[in-house]
Amino acid sequence: MKAILTLGITIFIIVKILLPLMLKGINPIPISVLAAIVITIITILFIAGINTKSISAIIGTCSGVIIAGIIAYFVGSQVRLTGLSSEEATMLMFIPQRVDFDFRGLLFSGIILGALGAIMDVGMSIASSIEEIHNANKSFTRKELFNSGMNVGRDIMGTMTNTLILAYTGSSIPLLLLFMAYETSMIKVINLDIIATEIVRSLSGSIGLVLTIPLTALVSTFLIKRENSKKEGF
């Protein structure tokens, strides 16, 4: 029930707040980052409550999403992505509201939201694992606890980085088949705006996801040990 409720809240934030603001022509990048942070905080606190595990997961997730957005923006600017790789984006130029959209901003906004789910999953998994390890053996030092979290993170990282890439690849199979059928060179394929967009989307999301693991492990270890020290002090 909590998962269903948080899903409803997420949909409400996107449909009733984020999209209407974009339709008014507001810069999509900052409002997408803000929406991602709000969704993360509400989801994790609602599911796990207010505790060190939730705080660690929130800090790790928000950091990972922001890093993914920064990487996407920097790389996308260097490779000169237009944000007009899809037909839907082109159609936005002719809507009756006559909004002057920042199409590259919309692209980066989509990358941020697209990476949020996987990054939130990783952040919560690492924070939860470290808490369970600590509860099982409270004699672990900060270093031992951090290393344990990183060991769990390595296994997660090995599979989760494929999650984003496979998701984006799966949605483009007909297009990839067309390129193969006409024996289009790989260099030409990579330089197409639609393919370059997906590459940037996949890589930035994966890098943000990978960096979430040590960030969450570090914060979680620090908070848990600090809380434990306070309890022993009393």
# chains A, B, ... in the order shown; residues from 1 in each chain; ligands from 1
$ residues_around --residues "stretch 26-38 of chain A" --least-positions-apart "2" --cutoff "6 Å" --atoms "only C-alpha atoms" --output "PyMOL selection string"
chain A and resi 21-22+24+40-41+62+105-106+109
$ residues_around --residues "A:Thr6" --least-positions-apart "2" --cutoff "12 Å" --atoms "only C-alpha atoms" --output "PyMOL selection string"
chain A and resi 1-4+8-13+38-48
$ residues_around --residues "A:Gly208" --least-positions-apart "5" --cutoff "7 Å" --atoms "only C-alpha atoms" --output "PyMOL selection string"
chain A and resi 64-65+67-68
$ write_last_selection --atoms "N, CA and C atoms" --output "short mmCIF file (atom, residue, chain, number, x, y, z; two decimals), in the first residue's frame"
data_model
loop_
_atom_site.label_atom_id
_atom_site.label_comp_id
_atom_site.auth_asym_id
_atom_site.auth_seq_id
_atom_site.Cartn_x
_atom_site.Cartn_y
_atom_site.Cartn_z
N GLY A 64 23.53 11.28 -6.60
CA GLY A 64 23.68 10.53 -7.83
C GLY A 64 22.89 11.12 -8.98
N VAL A 65 21.66 11.57 -8.70
CA VAL A 65 20.81 12.17 -9.73
C VAL A 65 21.41 13.48 -10.22
N ILE A 67 24.57 14.39 -10.10
CA ILE A 67 25.78 14.06 -10.86
C ILE A 67 25.43 13.60 -12.27
N ALA A 68 24.41 12.75 -12.37
CA ALA A 68 23.97 12.26 -13.68
C ALA A 68 23.51 13.41 -14.56
#
$ closest_residue --among "A:Arg201, A:Lys188, A:Lys138, A:Arg80" --to "A:Tyr168" --atoms "only C-alpha atoms"
A:Arg201
